[in-house]
Amino acid sequence: MLALVLAALSGLFMALQGSLNTALGKVVGLLEGTFIVHLIGTLLALGLLLVGLGQGSIAEYSRAPWYTYLGGVLSVGIIYLVTSAISKLGVAPATTAIILGQVFTAALVDHFGWFGLECIPFSFGKAVGIVLMAGGAWLLLSR
């Protein structure tokens, strides 16, 4: 249950982050805002590591497969695209479309067990859930 509460909290953070990044992007520009939020995030993560809150060893970085570092590239795209979408659509419809894309992609990752994750087969129920989410996204997009 705690994991679900934490996941919901991350969703709350994502909606707020997208809104804040959009406001920043309107002042400094989308790419400039993307850079600023990544710089702040990097400094925060560094500070947390320096005070000993890390649970691993950064010295082990060379053991990770090369493709795992693409998350940094994707992160820049995510921040930029979320900011752009929110500024054009509004927070609720953009966030709904984002979540729909996340769930669809997550179902594919689970089904095929990409990146060394456990295979969790796609089911009819999951397909219905995604279709219902798409319907909800459409309802939010219609003004």
# chains A, B, ... in the order shown; residues from 1 in each chain; ligands from 1
$ select_by_dssp --residues "segment 17-91 of chain A" --states "alpha helix (DSSP H)" --output "ChimeraX atom specification"
/A:17-28,30-50,70-89,91
$ write_last_selection --atoms "C-alpha atoms" --output "PDB file, in the first residue's frame"
ATOM      1  CA  GLN A  17       6.462  20.181 -11.712  1.00  0.00           C
ATOM      2  CA  GLY A  18       4.942  20.495 -15.166  1.00  0.00           C
ATOM      3  CA  SER A  19       2.994  23.557 -14.065  1.00  0.00           C
ATOM      4  CA  LEU A  20       6.016  25.191 -12.456  1.00  0.00           C
ATOM      5  CA  ASN A  21       8.252  24.386 -15.442  1.00  0.00           C
ATOM      6  CA  THR A  22       5.646  25.872 -17.787  1.00  0.00           C
ATOM      7  CA  ALA A  23       5.571  29.083 -15.740  1.00  0.00           C
ATOM      8  CA  LEU A  24       9.381  29.228 -15.785  1.00  0.00           C
ATOM      9  CA  GLY A  25       9.473  28.478 -19.524  1.00  0.00           C
ATOM     10  CA  LYS A  26       7.143  31.399 -20.228  1.00  0.00           C
ATOM     11  CA  VAL A  27       9.679  33.719 -18.599  1.00  0.00           C
ATOM     12  CA  VAL A  28      13.022  32.309 -19.767  1.00  0.00           C
ATOM     13  CA  LEU A  30      11.347  26.303 -22.897  1.00  0.00           C
ATOM     14  CA  LEU A  31      14.851  24.980 -23.490  1.00  0.00           C
ATOM     15  CA  GLU A  32      16.357  27.490 -21.072  1.00  0.00           C
ATOM     16  CA  GLY A  33      13.848  26.451 -18.413  1.00  0.00           C
ATOM     17  CA  THR A  34      14.625  22.798 -19.088  1.00  0.00           C
ATOM     18  CA  PHE A  35      18.296  23.530 -18.499  1.00  0.00           C
ATOM     19  CA  ILE A  36      17.621  25.454 -15.286  1.00  0.00           C
ATOM     20  CA  VAL A  37      15.446  22.741 -13.723  1.00  0.00           C
ATOM     21  CA  HIS A  38      18.012  20.062 -14.586  1.00  0.00           C
ATOM     22  CA  LEU A  39      20.786  22.158 -13.074  1.00  0.00           C
ATOM     23  CA  ILE A  40      18.786  22.645  -9.876  1.00  0.00           C
ATOM     24  CA  GLY A  41      17.948  18.928  -9.779  1.00  0.00           C
ATOM     25  CA  THR A  42      21.592  18.024 -10.283  1.00  0.00           C
ATOM     26  CA  LEU A  43      22.697  20.321  -7.462  1.00  0.00           C
ATOM     27  CA  LEU A  44      20.030  18.900  -5.145  1.00  0.00           C
ATOM     28  CA  ALA A  45      20.995  15.293  -5.951  1.00  0.00           C
ATOM     29  CA  LEU A  46      24.681  16.159  -5.396  1.00  0.00           C
ATOM     30  CA  GLY A  47      23.864  17.752  -2.043  1.00  0.00           C
ATOM     31  CA  LEU A  48      21.863  14.693  -0.959  1.00  0.00           C
ATOM     32  CA  LEU A  49      24.757  12.429  -1.938  1.00  0.00           C
ATOM     33  CA  LEU A  50      27.255  14.604  -0.085  1.00  0.00           C
ATOM     34  CA  LEU A  70      19.755   7.242 -21.991  1.00  0.00           C
ATOM     35  CA  GLY A  71      17.478   8.189 -19.088  1.00  0.00           C
ATOM     36  CA  GLY A  72      19.348  11.486 -18.903  1.00  0.00           C
ATOM     37  CA  VAL A  73      18.620  12.168 -22.567  1.00  0.00           C
ATOM     38  CA  LEU A  74      14.981  11.202 -22.106  1.00  0.00           C
ATOM     39  CA  SER A  75      14.737  13.445 -19.063  1.00  0.00           C
ATOM     40  CA  VAL A  76      15.558  16.532 -21.118  1.00  0.00           C
ATOM     41  CA  GLY A  77      12.933  15.503 -23.680  1.00  0.00           C
ATOM     42  CA  ILE A  78      10.368  14.842 -20.951  1.00  0.00           C
ATOM     43  CA  ILE A  79      10.788  18.215 -19.260  1.00  0.00           C
ATOM     44  CA  TYR A  80      10.731  20.074 -22.568  1.00  0.00           C
ATOM     45  CA  LEU A  81       7.733  18.207 -23.994  1.00  0.00           C
ATOM     46  CA  VAL A  82       5.692  18.307 -20.766  1.00  0.00           C
ATOM     47  CA  THR A  83       6.261  22.046 -20.505  1.00  0.00           C
ATOM     48  CA  SER A  84       5.289  22.549 -24.120  1.00  0.00           C
ATOM     49  CA  ALA A  85       2.162  20.386 -23.826  1.00  0.00           C
ATOM     50  CA  ILE A  86       0.933  22.058 -20.632  1.00  0.00           C
ATOM     51  CA  SER A  87       1.372  25.524 -22.098  1.00  0.00           C
ATOM     52  CA  LYS A  88      -0.781  24.542 -25.107  1.00  0.00           C
ATOM     53  CA  LEU A  89      -3.378  22.192 -23.572  1.00  0.00           C
ATOM     54  CA  VAL A  91      -2.445  20.877 -16.925  1.00  0.00           C
TER      55      VAL A  91
END
$ closest_atom_pairs --of "segment 32-108 of chain A" --to "segment 119-124 of chain A" --cutoff "12 Å" --atoms "only C-alpha atoms" --output "CSV"
residue,atom,partner,partner_atom,distance
A:Val103,CA,A:Phe122,CA,11.7
A:Phe104,CA,A:Phe122,CA,10.3
A:Thr105,CA,A:Phe122,CA,11.4
A:Ala106,CA,A:Ile120,CA,10.2
A:Ala107,CA,A:Phe122,CA,6.5
A:Leu108,CA,A:Phe122,CA,7.6
$ residues_around --residues "segment 128-139 of chain A" --least-positions-apart "2" --cutoff "8 Å" --atoms "only C-alpha atoms" --output "list in words"
Pro93, Thr96, Ala97, Leu100, Val103, Phe104, Phe124, Gly125, Lys126, Leu141 and Ser142 of chain A
$ atom_distance --atom1 "atom CA of Gly11 of chain A" --atom2 "atom CA of Gly101 of chain A"
13.8 Å
$ atom_distance --atom1 "atom CA of Val5 of chain A" --atom2 "atom CA of Leu117 of chain A"
22.1 Å
$ atom_distance --atom1 "atom CA of Gln102 of chain A" --atom2 "atom CA of Phe13 of chain A"
15.4 Å
$ closest_residue --among "A:Leu6, A:Ala59, A:Ala64, A:Val51" --to "Gly116 of chain A" --atoms "only C-alpha atoms"
A:Ala64
$ decode --residues "segment 44-67 of chain A" --atoms "N, CA and C atoms" --output "CSV table (one decimal), in the first residue's frame"
chain,number,residue,atom,x,y,z
A,44,LEU,N,20.7,19.5,-6.3
A,44,LEU,CA,20.0,18.9,-5.1
A,44,LEU,C,20.5,17.5,-5.0
A,45,ALA,N,20.6,16.7,-6.0
A,45,ALA,CA,21.0,15.3,-6.0
A,45,ALA,C,22.4,15.2,-5.4
A,46,LEU,N,23.3,16.1,-5.9
A,46,LEU,CA,24.7,16.2,-5.4
A,46,LEU,C,24.7,16.4,-3.9
A,47,GLY,N,23.9,17.4,-3.5
A,47,GLY,CA,23.9,17.8,-2.0
A,47,GLY,C,23.4,16.6,-1.2
A,48,LEU,N,22.4,15.9,-1.7
A,48,LEU,CA,21.9,14.7,-1.0
A,48,LEU,C,22.9,13.6,-0.9
A,49,LEU,N,23.7,13.4,-2.0
A,49,LEU,CA,24.8,12.4,-1.9
A,49,LEU,C,25.9,12.8,-1.0
A,50,LEU,N,26.2,14.1,-1.0
A,50,LEU,CA,27.3,14.6,-0.1
A,50,LEU,C,26.9,14.5,1.4
A,51,VAL,N,25.6,14.6,1.7
A,51,VAL,CA,25.3,14.4,3.1
A,51,VAL,C,25.0,12.9,3.5
A,52,GLY,N,25.3,12.0,2.6
A,52,GLY,CA,25.2,10.6,2.8
A,52,GLY,C,23.9,9.9,2.7
A,53,LEU,N,23.0,10.5,1.9
A,53,LEU,CA,21.7,9.9,1.7
A,53,LEU,C,21.6,8.9,0.6
A,54,GLY,N,22.7,8.7,-0.1
A,54,GLY,CA,22.7,7.7,-1.2
A,54,GLY,C,22.8,6.3,-0.6
A,55,GLN,N,22.2,5.3,-1.3
A,55,GLN,CA,22.2,4.0,-0.8
A,55,GLN,C,23.0,3.0,-1.7
A,56,GLY,N,23.7,3.5,-2.7
A,56,GLY,CA,24.5,2.7,-3.5
A,56,GLY,C,25.9,3.2,-3.6
A,57,SER,N,26.6,3.0,-4.7
A,57,SER,CA,28.0,3.4,-4.9
A,57,SER,C,28.1,4.0,-6.3
A,58,ILE,N,28.3,5.3,-6.4
A,58,ILE,CA,28.4,5.9,-7.7
A,58,ILE,C,29.7,5.4,-8.4
A,59,ALA,N,30.6,4.9,-7.7
A,59,ALA,CA,31.8,4.3,-8.3
A,59,ALA,C,31.5,3.1,-9.2
A,60,GLU,N,30.3,2.5,-9.1
A,60,GLU,CA,30.0,1.4,-9.8
A,60,GLU,C,29.3,1.7,-11.2
A,61,TYR,N,29.4,3.0,-11.6
A,61,TYR,CA,28.7,3.5,-12.8
A,61,TYR,C,29.1,2.7,-14.0
A,62,SER,N,30.3,2.2,-14.1
A,62,SER,CA,30.8,1.6,-15.3
A,62,SER,C,30.2,0.2,-15.5
A,63,ARG,N,29.6,-0.4,-14.5
A,63,ARG,CA,29.0,-1.7,-14.5
A,63,ARG,C,27.6,-1.6,-15.2
A,64,ALA,N,27.0,-0.5,-15.2
A,64,ALA,CA,25.6,-0.4,-15.8
A,64,ALA,C,25.7,-0.4,-17.3
A,65,PRO,N,24.8,-1.1,-18.0
A,65,PRO,CA,24.7,-1.1,-19.4
A,65,PRO,C,24.6,0.3,-20.0
A,66,TRP,N,25.2,0.5,-21.2
A,66,TRP,CA,25.3,1.8,-21.8
A,66,TRP,C,23.9,2.4,-22.0
A,67,TYR,N,22.9,1.6,-22.3
A,67,TYR,CA,21.6,2.2,-22.6
A,67,TYR,C,20.9,2.7,-21.3
